[in-house]
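Chemist: File entry.pdb follows (PDB, C-alpha atoms):
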```pdb
MODEL        1
ATOM      1  CA  MET A   1     108.346 -17.723 -58.974
ATOM      2  CA  PRO A   2     104.589 -17.014 -58.941
ATOM      3  CA  ARG A   3     103.183 -15.820 -62.255
ATOM      4  CA  ASP A   4     102.194 -12.146 -62.370
ATOM      5  CA  ARG A   5      98.499 -11.456 -62.734
ATOM      6  CA  PRO A   6      97.534 -10.455 -66.299
ATOM      7  CA  THR A   7      96.787  -6.772 -66.787
ATOM      8  CA  ILE A   8      94.452  -4.827 -69.027
ATOM      9  CA  HIS A   9      97.496  -4.150 -71.236
ATOM     10  CA  ASP A  10      97.946  -7.911 -71.711
ATOM     11  CA  VAL A  11      94.314  -8.276 -72.743
ATOM     12  CA  ALA A  12      94.621  -5.391 -75.209
ATOM     13  CA  SER A  13      97.771  -6.927 -76.712
ATOM     14  CA  ARG A  14      96.188 -10.350 -77.132
ATOM     15  CA  ALA A  15      92.990  -8.921 -78.632
ATOM     16  CA  GLY A  16      94.936  -6.591 -80.933
ATOM     17  CA  THR A  17      93.150  -3.502 -79.683
ATOM     18  CA  SER A  18      93.642  -0.531 -77.377
ATOM     19  CA  LYS A  19      93.544  -0.483 -73.576
ATOM     20  CA  SER A  20      90.686   2.036 -73.624
ATOM     21  CA  LEU A  21      88.572  -0.207 -75.848
ATOM     22  CA  VAL A  22      89.189  -3.142 -73.494
ATOM     23  CA  SER A  23      88.062  -0.990 -70.565
ATOM     24  CA  LEU A  24      84.895   0.017 -72.405
ATOM     25  CA  ALA A  25      84.118  -3.553 -73.449
ATOM     26  CA  LEU A  26      84.564  -5.054 -69.993
ATOM     27  CA  SER A  27      82.403  -2.345 -68.421
ATOM     28  CA  GLY A  28      79.558  -3.179 -70.818
ATOM     29  CA  SER A  29      79.692   0.016 -72.867
ATOM     30  CA  PRO A  30      77.315   0.055 -75.879
ATOM     31  CA  LYS A  31      80.002   1.951 -77.848
ATOM     32  CA  VAL A  32      81.894  -1.314 -78.474
ATOM     33  CA  SER A  33      80.959  -3.439 -81.499
ATOM     34  CA  GLU A  34      79.847  -7.000 -80.893
ATOM     35  CA  ARG A  35      82.859  -8.371 -82.824
ATOM     36  CA  SER A  36      85.354  -6.385 -80.724
ATOM     37  CA  ARG A  37      83.575  -7.316 -77.504
ATOM     38  CA  LEU A  38      83.787 -11.022 -78.300
ATOM     39  CA  LEU A  39      87.505 -10.774 -79.156
ATOM     40  CA  ILE A  40      88.237  -8.908 -75.918
ATOM     41  CA  GLU A  41      86.183 -11.277 -73.757
ATOM     42  CA  GLN A  42      87.918 -14.262 -75.354
ATOM     43  CA  ALA A  43      91.349 -12.735 -74.746
ATOM     44  CA  ALA A  44      90.449 -11.964 -71.121
ATOM     45  CA  ALA A  45      89.224 -15.541 -70.585
ATOM     46  CA  GLU A  46      92.352 -17.071 -72.131
ATOM     47  CA  LEU A  47      94.606 -14.961 -69.921
ATOM     48  CA  GLY A  48      92.503 -15.421 -66.785
ATOM     49  CA  TYR A  49      92.172 -11.668 -66.460
ATOM     50  CA  ARG A  50      90.008 -10.282 -63.655
ATOM     51  CA  PRO A  51      89.305  -6.522 -63.520
ATOM     52  CA  ASN A  52      90.578  -4.635 -60.478
ATOM     53  CA  ALA A  53      87.374  -3.491 -58.802
ATOM     54  CA  ALA A  54      89.081  -0.736 -56.800
ATOM     55  CA  ALA A  55      90.786   0.725 -59.850
ATOM     56  CA  ARG A  56      87.616   0.490 -61.900
ATOM     57  CA  SER A  57      85.572   2.291 -59.235
ATOM     58  CA  LEU A  58      88.118   5.112 -59.190
ATOM     59  CA  SER A  59      88.044   5.482 -62.965
ATOM     60  CA  VAL A  60      84.254   5.564 -63.264
ATOM     61  CA  ARG A  61      83.691   7.111 -59.807
ATOM     62  CA  ARG A  62      81.291   4.290 -58.910
ATOM     63  CA  SER A  63      81.879   1.331 -56.600
ATOM     64  CA  ARG A  64      78.612  -0.514 -57.367
ATOM     65  CA  THR A  65      78.630  -1.425 -53.672
ATOM     66  CA  ILE A  66      76.008  -0.922 -50.955
ATOM     67  CA  GLY A  67      77.197  -0.795 -47.350
ATOM     68  CA  VAL A  68      75.047  -2.689 -44.842
ATOM     69  CA  LEU A  69      75.198  -2.255 -41.073
ATOM     70  CA  ILE A  70      73.504  -5.089 -39.194
ATOM     71  CA  LEU A  71      72.794  -4.663 -35.489
ATOM     72  CA  ASP A  72      73.313  -8.281 -34.445
ATOM     73  CA  LEU A  73      74.787 -11.029 -36.628
ATOM     74  CA  HIS A  74      73.368 -13.702 -34.312
ATOM     75  CA  ASN A  75      69.734 -12.623 -34.677
ATOM     76  CA  PRO A  76      67.979 -14.562 -37.488
ATOM     77  CA  VAL A  77      65.558 -11.651 -37.975
ATOM     78  CA  PHE A  78      68.355  -9.449 -39.279
ATOM     79  CA  ALA A  79      69.831 -12.300 -41.329
ATOM     80  CA  GLU A  80      66.538 -12.783 -43.199
ATOM     81  CA  ILE A  81      66.264  -9.044 -43.857
ATOM     82  CA  LEU A  82      69.833  -9.093 -45.191
ATOM     83  CA  ASP A  83      68.884 -11.913 -47.577
ATOM     84  CA  GLY A  84      66.184  -9.682 -49.041
ATOM     85  CA  VAL A  85      68.608  -6.767 -49.430
ATOM     86  CA  GLN A  86      71.212  -8.873 -51.208
ATOM     87  CA  THR A  87      68.692 -10.528 -53.533
ATOM     88  CA  GLU A  88      67.436  -7.148 -54.717
ATOM     89  CA  VAL A  89      70.736  -5.309 -55.136
ATOM     90  CA  ARG A  90      72.384  -8.202 -56.989
ATOM     91  CA  GLN A  91      69.634  -8.053 -59.583
ATOM     92  CA  HIS A  92      70.767  -4.485 -60.299
ATOM     93  CA  GLY A  93      74.475  -5.227 -60.511
ATOM     94  CA  PHE A  94      75.428  -4.124 -56.995
ATOM     95  CA  SER A  95      77.274  -6.028 -54.294
ATOM     96  CA  THR A  96      77.113  -5.551 -50.530
ATOM     97  CA  MET A  97      79.745  -4.860 -47.882
ATOM     98  CA  LEU A  98      78.643  -5.937 -44.402
ATOM     99  CA  VAL A  99      79.655  -4.574 -40.976
ATOM    100  CA  THR A 100      78.231  -4.861 -37.472
ATOM    101  CA  GLY A 101      78.462  -2.620 -34.460
ATOM    102  CA  GLY A 102      77.377  -5.124 -31.821
ATOM    103  CA  GLU A 103      74.815  -2.652 -30.399
ATOM    104  CA  ASN A 104      77.644  -0.209 -29.601
ATOM    105  CA  PRO A 105      76.884   3.248 -31.109
ATOM    106  CA  THR A 106      80.556   4.303 -31.129
ATOM    107  CA  LEU A 107      81.626   1.128 -32.897
ATOM    108  CA  GLU A 108      78.707   1.428 -35.328
ATOM    109  CA  GLN A 109      79.814   4.914 -36.292
ATOM    110  CA  ALA A 110      83.408   3.755 -36.792
ATOM    111  CA  GLU A 111      82.286   0.874 -38.994
ATOM    112  CA  ILE A 112      80.138   3.200 -41.095
ATOM    113  CA  GLU A 113      83.129   5.490 -41.576
ATOM    114  CA  THR A 114      85.043   2.471 -42.864
ATOM    115  CA  LEU A 115      82.271   1.772 -45.370
ATOM    116  CA  ARG A 116      82.376   5.374 -46.543
ATOM    117  CA  GLU A 117      86.144   5.123 -47.056
ATOM    118  CA  PHE A 118      85.426   2.283 -49.470
ATOM    119  CA  GLN A 119      83.189   4.669 -51.451
ATOM    120  CA  VAL A 120      79.944   2.733 -50.971
ATOM    121  CA  GLU A 121      77.152   4.278 -52.997
ATOM    122  CA  GLY A 122      74.562   3.877 -50.276
ATOM    123  CA  LEU A 123      73.970   2.635 -46.722
ATOM    124  CA  ILE A 124      71.281   0.313 -45.417
ATOM    125  CA  LEU A 125      71.085   0.161 -41.627
ATOM    126  CA  ILE A 126      69.324  -2.976 -40.405
ATOM    127  CA  SER A 127      68.447  -1.443 -37.046
ATOM    128  CA  HIS A 128      71.049   0.678 -35.234
ATOM    129  CA  ARG A 129      71.966   2.465 -31.995
ATOM    130  CA  LEU A 130      73.154   5.723 -33.583
ATOM    131  CA  PRO A 131      72.111   9.051 -32.009
ATOM    132  CA  THR A 132      69.921  11.409 -34.023
ATOM    133  CA  GLY A 133      72.636  13.943 -34.882
ATOM    134  CA  VAL A 134      75.053  11.316 -36.170
ATOM    135  CA  LEU A 135      72.375   9.610 -38.268
ATOM    136  CA  ARG A 136      71.311  12.879 -39.875
ATOM    137  CA  SER A 137      74.920  13.749 -40.684
ATOM    138  CA  ILE A 138      75.451  10.365 -42.348
ATOM    139  CA  ALA A 139      72.204  10.634 -44.348
ATOM    140  CA  ALA A 140      73.222  14.082 -45.591
ATOM    141  CA  ASP A 141      76.452  12.653 -47.018
ATOM    142  CA  VAL A 142      75.432   9.260 -48.453
ATOM    143  CA  PRO A 143      72.010   7.817 -49.440
ATOM    144  CA  THR A 144      70.744   6.048 -46.313
ATOM    145  CA  VAL A 145      67.810   3.717 -45.614
ATOM    146  CA  VAL A 146      66.946   2.407 -42.139
ATOM    147  CA  VAL A 147      65.138  -0.926 -41.705
ATOM    148  CA  THR A 148      62.965  -1.875 -38.664
ATOM    149  CA  ARG A 149      63.017   1.597 -37.100
ATOM    150  CA  ASP A 150      61.209   4.827 -37.963
ATOM    151  CA  ASP A 151      61.674   6.793 -34.746
ATOM    152  CA  ILE A 152      64.383   9.093 -36.157
ATOM    153  CA  VAL A 153      63.462  11.247 -39.138
ATOM    154  CA  ALA A 154      66.138  12.895 -41.282
ATOM    155  CA  PRO A 155      65.873  14.805 -44.561
ATOM    156  CA  GLY A 156      66.462  12.489 -47.501
ATOM    157  CA  MET A 157      66.557   9.329 -45.351
ATOM    158  CA  ASP A 158      64.020   6.580 -46.023
ATOM    159  CA  THR A 159      62.732   4.054 -43.493
ATOM    160  CA  VAL A 160      61.080   0.674 -43.959
ATOM    161  CA  SER A 161      59.557  -0.975 -40.920
ATOM    162  CA  ASN A 162      56.864  -3.288 -39.662
ATOM    163  CA  ASP A 163      53.714  -1.837 -38.078
ATOM    164  CA  ASP A 164      54.527  -3.148 -34.597
ATOM    165  CA  VAL A 165      51.471  -1.603 -32.936
ATOM    166  CA  ALA A 166      49.108  -3.340 -35.360
ATOM    167  CA  GLY A 167      51.055  -6.596 -35.029
ATOM    168  CA  ALA A 168      50.719  -6.589 -31.247
ATOM    169  CA  ARG A 169      46.991  -6.046 -31.602
ATOM    170  CA  LEU A 170      46.785  -9.148 -33.794
ATOM    171  CA  ALA A 171      48.411 -11.156 -31.007
ATOM    172  CA  ILE A 172      46.000  -9.937 -28.333
ATOM    173  CA  ASP A 173      42.953 -10.312 -30.565
ATOM    174  CA  HIS A 174      43.958 -13.940 -31.160
ATOM    175  CA  LEU A 175      44.409 -14.696 -27.460
ATOM    176  CA  VAL A 176      41.203 -12.949 -26.422
ATOM    177  CA  GLY A 177      39.393 -14.893 -29.132
ATOM    178  CA  LEU A 178      40.571 -18.077 -27.374
ATOM    179  CA  GLY A 179      39.045 -16.855 -24.094
ATOM    180  CA  HIS A 180      42.176 -15.441 -22.459
ATOM    181  CA  ALA A 181      42.000 -12.341 -20.264
ATOM    182  CA  ARG A 182      45.034 -12.599 -17.968
ATOM    183  CA  ILE A 183      47.531 -11.898 -20.752
ATOM    184  CA  VAL A 184      50.990 -10.686 -19.705
ATOM    185  CA  TYR A 185      53.394  -8.965 -22.083
ATOM    186  CA  LEU A 186      57.076  -9.868 -21.717
ATOM    187  CA  SER A 187      58.845  -6.782 -23.069
ATOM    188  CA  GLY A 188      61.946  -6.775 -25.260
ATOM    189  CA  GLY A 189      63.777  -4.211 -23.169
ATOM    190  CA  ASP A 190      64.353  -0.496 -23.602
ATOM    191  CA  ASN A 191      64.243  -0.100 -27.387
ATOM    192  CA  PRO A 192      61.790   1.534 -29.814
ATOM    193  CA  VAL A 193      60.433  -1.699 -31.308
ATOM    194  CA  SER A 194      59.632  -3.204 -27.916
ATOM    195  CA  HIS A 195      57.937   0.013 -26.814
ATOM    196  CA  LEU A 196      55.722   0.003 -29.917
ATOM    197  CA  ARG A 197      54.702  -3.599 -29.279
ATOM    198  CA  ALA A 198      53.879  -2.683 -25.684
ATOM    199  CA  THR A 199      51.735   0.182 -26.971
ATOM    200  CA  GLY A 200      49.845  -2.186 -29.255
ATOM    201  CA  TYR A 201      49.382  -4.674 -26.396
ATOM    202  CA  SER A 202      47.989  -2.034 -24.037
ATOM    203  CA  ALA A 203      45.708  -0.553 -26.703
ATOM    204  CA  ALA A 204      44.297  -3.962 -27.615
ATOM    205  CA  MET A 205      43.749  -4.978 -23.987
ATOM    206  CA  THR A 206      41.918  -1.686 -23.403
ATOM    207  CA  ALA A 207      39.813  -2.148 -26.528
ATOM    208  CA  HIS A 208      38.717  -5.555 -25.234
ATOM    209  CA  GLY A 209      37.733  -4.085 -21.863
ATOM    210  CA  LEU A 210      40.753  -5.604 -20.092
ATOM    211  CA  ALA A 211      42.625  -2.440 -19.128
ATOM    212  CA  GLU A 212      42.703  -3.395 -15.455
ATOM    213  CA  LEU A 213      44.502  -6.646 -16.364
ATOM    214  CA  ILE A 214      47.376  -5.024 -18.267
ATOM    215  CA  GLN A 215      50.694  -6.403 -17.002
ATOM    216  CA  ILE A 216      54.087  -5.683 -18.591
ATOM    217  CA  VAL A 217      57.083  -7.598 -17.287
ATOM    218  CA  PRO A 218      60.559  -6.246 -18.190
ATOM    219  CA  GLY A 219      62.492  -8.634 -20.396
ATOM    220  CA  GLY A 220      64.775  -8.712 -23.412
ATOM    221  CA  LEU A 221      65.255 -10.185 -26.857
ATOM    222  CA  THR A 222      67.268 -13.310 -25.982
ATOM    223  CA  ASP A 223      66.145 -16.720 -24.790
ATOM    224  CA  ALA A 224      67.814 -16.096 -21.421
ATOM    225  CA  THR A 225      65.964 -12.809 -20.829
ATOM    226  CA  GLY A 226      62.746 -14.415 -22.013
ATOM    227  CA  TYR A 227      63.250 -17.217 -19.501
ATOM    228  CA  ARG A 228      63.790 -14.821 -16.599
ATOM    229  CA  ALA A 229      60.856 -12.614 -17.593
ATOM    230  CA  ALA A 230      58.568 -15.640 -17.805
ATOM    231  CA  GLU A 231      59.650 -16.768 -14.338
ATOM    232  CA  ALA A 232      58.578 -13.355 -12.996
ATOM    233  CA  ALA A 233      55.367 -13.422 -15.032
ATOM    234  CA  LEU A 234      54.293 -16.771 -13.575
ATOM    235  CA  GLU A 235      53.891 -15.021 -10.227
ATOM    236  CA  LEU A 236      51.020 -13.053 -11.834
ATOM    237  CA  ASN A 237      49.096 -16.254 -12.643
ATOM    238  CA  PRO A 238      48.609 -15.572 -16.370
ATOM    239  CA  THR A 239      46.747 -17.770 -18.813
ATOM    240  CA  ALA A 240      48.765 -16.437 -21.750
ATOM    241  CA  LEU A 241      52.057 -14.690 -22.492
ATOM    242  CA  PHE A 242      52.668 -12.331 -25.385
ATOM    243  CA  VAL A 243      56.445 -12.167 -25.858
ATOM    244  CA  ALA A 244      58.332  -9.358 -27.623
ATOM    245  CA  ASN A 245      60.104 -11.691 -30.051
ATOM    246  CA  ASP A 246      60.341 -15.353 -30.999
ATOM    247  CA  ILE A 247      63.741 -16.008 -29.453
ATOM    248  CA  ALA A 248      62.598 -14.724 -26.060
ATOM    249  CA  ALA A 249      59.423 -16.786 -26.489
ATOM    250  CA  PHE A 250      61.547 -19.946 -26.720
ATOM    251  CA  GLY A 251      63.075 -19.035 -23.352
ATOM    252  CA  ALA A 252      59.630 -18.303 -21.910
ATOM    253  CA  ILE A 253      58.385 -21.753 -22.960
ATOM    254  CA  ALA A 254      61.372 -23.371 -21.258
ATOM    255  CA  ALA A 255      60.581 -21.499 -18.031
ATOM    256  CA  ILE A 256      56.936 -22.610 -18.160
ATOM    257  CA  GLU A 257      57.885 -26.231 -18.710
ATOM    258  CA  ASN A 258      60.476 -26.096 -15.905
ATOM    259  CA  ALA A 259      57.660 -24.920 -13.621
ATOM    260  CA  HIS A 260      55.859 -28.185 -14.511
ATOM    261  CA  LEU A 261      53.210 -26.395 -16.567
ATOM    262  CA  ARG A 262      52.138 -27.240 -20.101
ATOM    263  CA  VAL A 263      52.058 -25.121 -23.258
ATOM    264  CA  PRO A 264      49.364 -24.403 -24.358
ATOM    265  CA  GLU A 265      47.158 -26.433 -22.003
ATOM    266  CA  ASP A 266      48.075 -24.353 -18.937
ATOM    267  CA  ILE A 267      49.592 -21.241 -20.526
ATOM    268  CA  SER A 268      49.488 -20.108 -24.141
ATOM    269  CA  VAL A 269      52.542 -18.372 -25.639
ATOM    270  CA  ILE A 270      52.722 -16.192 -28.726
ATOM    271  CA  GLY A 271      55.924 -14.671 -30.097
ATOM    272  CA  TYR A 272      56.732 -12.009 -32.652
ATOM    273  CA  ASP A 273      58.849 -11.946 -35.848
ATOM    274  CA  GLY A 274      58.189 -15.221 -37.648
ATOM    275  CA  ILE A 275      61.833 -16.333 -37.812
ATOM    276  CA  ARG A 276      62.776 -19.468 -39.701
ATOM    277  CA  ILE A 277      65.057 -21.696 -37.646
ATOM    278  CA  GLY A 278      65.005 -25.330 -36.651
ATOM    279  CA  GLY A 279      63.984 -24.424 -33.101
ATOM    280  CA  MET A 280      60.820 -22.779 -34.362
ATOM    281  CA  ARG A 281      59.695 -25.929 -36.144
ATOM    282  CA  ARG A 282      60.495 -27.977 -33.060
ATOM    283  CA  VAL A 283      58.677 -25.661 -30.657
ATOM    284  CA  ASN A 284      55.862 -25.065 -33.170
ATOM    285  CA  LEU A 285      55.489 -21.463 -32.042
ATOM    286  CA  THR A 286      52.447 -19.308 -32.733
ATOM    287  CA  THR A 287      53.808 -15.949 -33.837
ATOM    288  CA  ILE A 288      53.194 -12.588 -35.435
ATOM    289  CA  ALA A 289      55.238 -12.976 -38.605
ATOM    290  CA  GLN A 290      56.938 -10.031 -40.236
ATOM    291  CA  PRO A 291      57.673 -10.273 -43.985
ATOM    292  CA  LEU A 292      61.384 -10.137 -43.202
ATOM    293  CA  ALA A 293      62.850 -10.711 -46.662
ATOM    294  CA  GLU A 294      60.312  -8.254 -48.078
ATOM    295  CA  LEU A 295      61.531  -5.608 -45.620
ATOM    296  CA  GLY A 296      65.024  -6.086 -47.032
ATOM    297  CA  ARG A 297      63.883  -6.005 -50.649
ATOM    298  CA  ARG A 298      61.900  -2.812 -50.157
ATOM    299  CA  ALA A 299      64.793  -1.153 -48.343
ATOM    300  CA  ALA A 300      67.046  -1.999 -51.280
ATOM    301  CA  GLN A 301      64.492  -0.606 -53.734
ATOM    302  CA  HIS A 302      64.352   2.662 -51.792
ATOM    303  CA  MET A 303      68.154   2.761 -51.785
ATOM    304  CA  LEU A 304      68.482   2.202 -55.527
ATOM    305  CA  ARG A 305      65.969   4.961 -56.261
ATOM    306  CA  ARG A 306      67.773   7.330 -53.920
ATOM    307  CA  ILE A 307      71.138   6.616 -55.559
ATOM    308  CA  THR A 308      69.587   7.662 -58.857
ATOM    309  CA  ASP A 309      67.887  10.752 -57.431
ATOM    310  CA  ARG A 310      69.369  12.196 -54.235
ATOM    311  CA  ASP A 311      66.670  14.902 -54.109
ATOM    312  CA  LEU A 312      63.732  12.557 -53.533
ATOM    313  CA  PRO A 313      61.707  13.461 -50.406
ATOM    314  CA  ALA A 314      62.085  11.101 -47.457
ATOM    315  CA  GLN A 315      59.739   8.131 -47.573
ATOM    316  CA  HIS A 316      58.574   6.105 -44.578
ATOM    317  CA  GLU A 317      57.022   2.763 -45.454
ATOM    318  CA  HIS A 318      55.195   0.402 -43.107
ATOM    319  CA  VAL A 319      54.561  -3.243 -43.950
ATOM    320  CA  SER A 320      52.003  -5.442 -42.235
ATOM    321  CA  ALA A 321      52.662  -8.559 -40.177
ATOM    322  CA  SER A 322      50.375 -11.589 -40.110
ATOM    323  CA  LEU A 323      49.228 -14.050 -37.468
ATOM    324  CA  VAL A 324      50.633 -17.572 -37.879
ATOM    325  CA  ILE A 325      48.787 -20.014 -35.625
ATOM    326  CA  ARG A 326      50.733 -23.049 -34.526
ATOM    327  CA  GLY A 327      50.816 -25.236 -31.450
ATOM    328  CA  THR A 328      51.674 -22.899 -28.550
ATOM    329  CA  THR A 329      48.299 -21.171 -28.246
ATOM    330  CA  GLY A 330      44.991 -22.756 -27.380
ATOM    331  CA  PRO A 331      41.710 -22.136 -25.534
ATOM    332  CA  VAL A 332      41.922 -20.867 -21.989
ATOM    333  CA  LYS A 333      41.984 -23.673 -19.431
ATOM    334  CA  PRO A 334      38.579 -24.044 -17.735
ATOM    335  CA  THR A 335      38.525 -23.178 -14.044
ATOM    336  CA  ASN A 336      37.292 -25.783 -11.577
TER     337      ASN A 336
ENDMDL
END
```
Step by step, read the file and then write its structure as structure tokens.

Modeler:
Amino acid sequence: MPRDRPTIHDVASRAGTSKSLVSLALSGSPKVSERSRLLIEQAAAELGYRPNAAARSLSVRRSRTIGVLILDLHNPVFAEILDGVQTEVRQHGFSTMLVTGGENPTLEQAEIETLREFQVEGLILISHRLPTGVLRSIAADVPTVVVTRDDIVAPGMDTVSNDDVAGARLAIDHLVGLGHARIVYLSGGDNPVSHLRATGYSAAMTAHGLAELIQIVPGGLTDATGYRAAEAALELNPTALFVANDIAAFGAIAAIENAHLRVPEDISVIGYDGIRIGGMRRVNLTTIAQPLAELGRRAAQHMLRRITDRDLPAQHEHVSASLVIRGTTGPVKPTN
């Protein structure tokens, strides 16, 4: 027969103390003397006792858990942000519980309800597809921080995001500095981040006196959509492509090479995000790099403050991206 798991009563019996003192000692209470704490910890170790997290959270009314909704588990951007969140919350004694909605608002809402049933102390949404009313209702009930998006404002809900307009301007300034004028933007589809990057692209082109050359080709955030958008863009005879994200930029480069053109000798390509994957090192992509882990850390810091003080006013923080020049951008090809 399997051996029953030791209980807090077993620990108390072995240590020669009360169950309540064991509970206080194992929760780190300063009311327990050092001698008693050592006896209790030794007894727990000898018995192989592990506290029941669910029972403990009920007794102290705290779960020490942060719920995290991530839009897409396959996108390395969100994975790097998650790393930053987990690094920060672990330093403060919290753990994370992760769910994904797969870009389905109904499923996202259901997953968040599951997190709330587990009594998470806060929610961090690494992007989302939730409608305004639902998001405001959630934020009114549990401390909520949204990462990457700031287009929905709710009382008591913080946001941490990259300045996508400024980042897009960095990309165009770089390409114009290399002599490019026929710069086409491959969009990331119908989403707030892509629209902001399009706004930055158009503003920068206009500022450089290139308004009449503005061209936006519909695309997406995957390598396949980047490939198809680049195929359409080649019909416009560009000298450079600014692509909504790095993954789509990889697809765009493949389309250029399949058209028997060279990157960057014939067409320069610049992406956005600054993801860290093997493909990036292989392709050597010039990109606008977001401080992804820093986004996660700052979101966690906002969350921890809001758990302590629910009445804090909503804060909306922007972080800056930086230009990382690699091998996919170069001077415009001279005309014959």

Chemist: Please determine, counting only C-alpha atoms, which residue among A:Ala229, A:Leu38, A:Met157, A:Leu234 has the shortest atom-to-atom distance to Ala249 (chain A).

Modeler: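 That would be A:Ala229, the residue with the smallest distance to Ala249 (chain A).
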
Chemist: Nearest residue to Arg298 (chain A) out of A:Asp266, A:Asp10, A:Glu121, A:Asp83, using only C-alpha atoms?

Modeler: A:Asp83

Chemist: Quick one: residues within 10 Å of Met205 (chain A), only C-alpha atoms, excluding same-chain residues fewer than 2 positions away - as a list in words?

Modeler: Arg169, Ile172, Asp173, Val176, Ala181, Arg182, Ile183, Thr199, Gly200, Tyr201, Ser202, Ala203, Ala207, His208, Gly209, Leu210, Ala211, Glu212, Leu213, Ile214 and Gln215 of chain A

Chemist: Grab the residues selected above and save them as an mmCIF file, in the frame of the given file with C-alpha atoms.

Modeler:
```
data_model
loop_
_atom_site.group_PDB
_atom_site.id
_atom_site.type_symbol
_atom_site.label_atom_id
_atom_site.label_comp_id
_atom_site.auth_asym_id
_atom_site.auth_seq_id
_atom_site.Cartn_x
_atom_site.Cartn_y
_atom_site.Cartn_z
ATOM 1 C CA ARG A 169 46.991 -6.046 -31.602
ATOM 2 C CA ILE A 172 46.000 -9.937 -28.333
ATOM 3 C CA ASP A 173 42.953 -10.312 -30.565
ATOM 4 C CA VAL A 176 41.203 -12.949 -26.422
ATOM 5 C CA ALA A 181 42.000 -12.341 -20.264
ATOM 6 C CA ARG A 182 45.034 -12.599 -17.968
ATOM 7 C CA ILE A 183 47.531 -11.898 -20.752
ATOM 8 C CA THR A 199 51.735 0.182 -26.971
ATOM 9 C CA GLY A 200 49.845 -2.186 -29.255
ATOM 10 C CA TYR A 201 49.382 -4.674 -26.396
ATOM 11 C CA SER A 202 47.989 -2.034 -24.037
ATOM 12 C CA ALA A 203 45.708 -0.553 -26.703
ATOM 13 C CA ALA A 207 39.813 -2.148 -26.528
ATOM 14 C CA HIS A 208 38.717 -5.555 -25.234
ATOM 15 C CA GLY A 209 37.733 -4.085 -21.863
ATOM 16 C CA LEU A 210 40.753 -5.604 -20.092
ATOM 17 C CA ALA A 211 42.625 -2.440 -19.128
ATOM 18 C CA GLU A 212 42.703 -3.395 -15.455
ATOM 19 C CA LEU A 213 44.502 -6.646 -16.364
ATOM 20 C CA ILE A 214 47.376 -5.024 -18.267
ATOM 21 C CA GLN A 215 50.694 -6.403 -17.002
#
```

Chemist: Quick check on the file I pasted: which residues fall under the PyMOL selection byres ((chain A and resi 135-139) around 10)? Write them as a list in words.

Modeler: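 This file gives the following for the PyMOL selection byres ((chain A and resi 135-139) around 10): Gln109, Ile112, Glu113, Arg116, Gly122, Leu123, His128, Arg129, Leu130, Pro131, Thr132, Gly133, Val134, Ala140, Asp141, Val142, Pro143, Thr144, Val145, Val146, Ile152, Val153, Ala154, Pro155, Gly156, Met157 and Asp158 of chain A.
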
Chemist: Just to be explicit: take each residue in the selection above, keep C-alpha atoms, and write the result as a CSV table (one decimal), keeping the file's coordinate frame.

Modeler:
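out_8.csv written:
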```csv
chain,number,residue,atom,x,y,z
A,109,GLN,CA,79.8,4.9,-36.3
A,112,ILE,CA,80.1,3.2,-41.1
A,113,GLU,CA,83.1,5.5,-41.6
A,116,ARG,CA,82.4,5.4,-46.5
A,122,GLY,CA,74.6,3.9,-50.3
A,123,LEU,CA,74.0,2.6,-46.7
A,128,HIS,CA,71.0,0.7,-35.2
A,129,ARG,CA,72.0,2.5,-32.0
A,130,LEU,CA,73.2,5.7,-33.6
A,131,PRO,CA,72.1,9.1,-32.0
A,132,THR,CA,69.9,11.4,-34.0
A,133,GLY,CA,72.6,13.9,-34.9
A,134,VAL,CA,75.1,11.3,-36.2
A,140,ALA,CA,73.2,14.1,-45.6
A,141,ASP,CA,76.5,12.7,-47.0
A,142,VAL,CA,75.4,9.3,-48.5
A,143,PRO,CA,72.0,7.8,-49.4
A,144,THR,CA,70.7,6.0,-46.3
A,145,VAL,CA,67.8,3.7,-45.6
A,146,VAL,CA,66.9,2.4,-42.1
A,152,ILE,CA,64.4,9.1,-36.2
A,153,VAL,CA,63.5,11.2,-39.1
A,154,ALA,CA,66.1,12.9,-41.3
A,155,PRO,CA,65.9,14.8,-44.6
A,156,GLY,CA,66.5,12.5,-47.5
A,157,MET,CA,66.6,9.3,-45.4
A,158,ASP,CA,64.0,6.6,-46.0
```

Chemist: Which neighbours of Asp163 (chain A) fall inside 9 Å, counting all atoms listed in the file, when residues of the same chain fewer than 5 positions from it are skipped, and could you give them as a list in words?

Modeler: Ala168, Leu196, His318, Val319, Ser320 and Ala321 of chain A

Chemist: Under the rule that only C-alpha atoms are counted, which of A:Gln301, A:Ser322, A:Thr239, A:Asn245 is the nearest residue to Leu261 (chain A)?

Modeler: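 Nearest candidate to Leu261 (chain A) out of A:Gln301, A:Ser322, A:Thr239, A:Asn245: A:Thr239.
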
Chemist: Which is closer to Val160 (chain A) than all the others in A:Val11, A:Leu47, A:Leu292, A:Ile247, using only C-alpha atoms?

Modeler: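 Among the listed residues, the smallest separation from Val160 (chain A) belongs to A:Leu292.
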
Chemist: Between CA of Ala44 (chain A) and CA of Arg5 (chain A), what is the distance in Å, rounded to a tenth?

Modeler: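 Distance between the two atoms: 11.6 Å.
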
Chemist: Kindly give the distance, in Å, that separates CA of His92 (chain A) and CA of Thr159 (chain A), rounded to a single decimal.

Modeler: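 Between these atoms lies a distance of 20.5 Å.
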
Chemist: Would you work out the distance separating CA of Leu236 (chain A) from CA of Tyr185 (chain A), expressed in Å to one decimal?

Modeler: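 CA of Tyr185 (chain A) lies at a distance of 11.3 Å from CA of Leu236 (chain A).
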
Chemist: Excluding Val147 (chain A) and any residue of its chain fewer than 4 positions from it, enumerate the residues within 12 Å of it, using all atoms listed in the file, and give them as a VMD selection string.

Modeler: chain A and resid 68 to 71 77 to 78 81 to 82 84 to 85 123 to 128 151 to 152 157 to 162 193 292 to 300 302 to 303 316 to 319
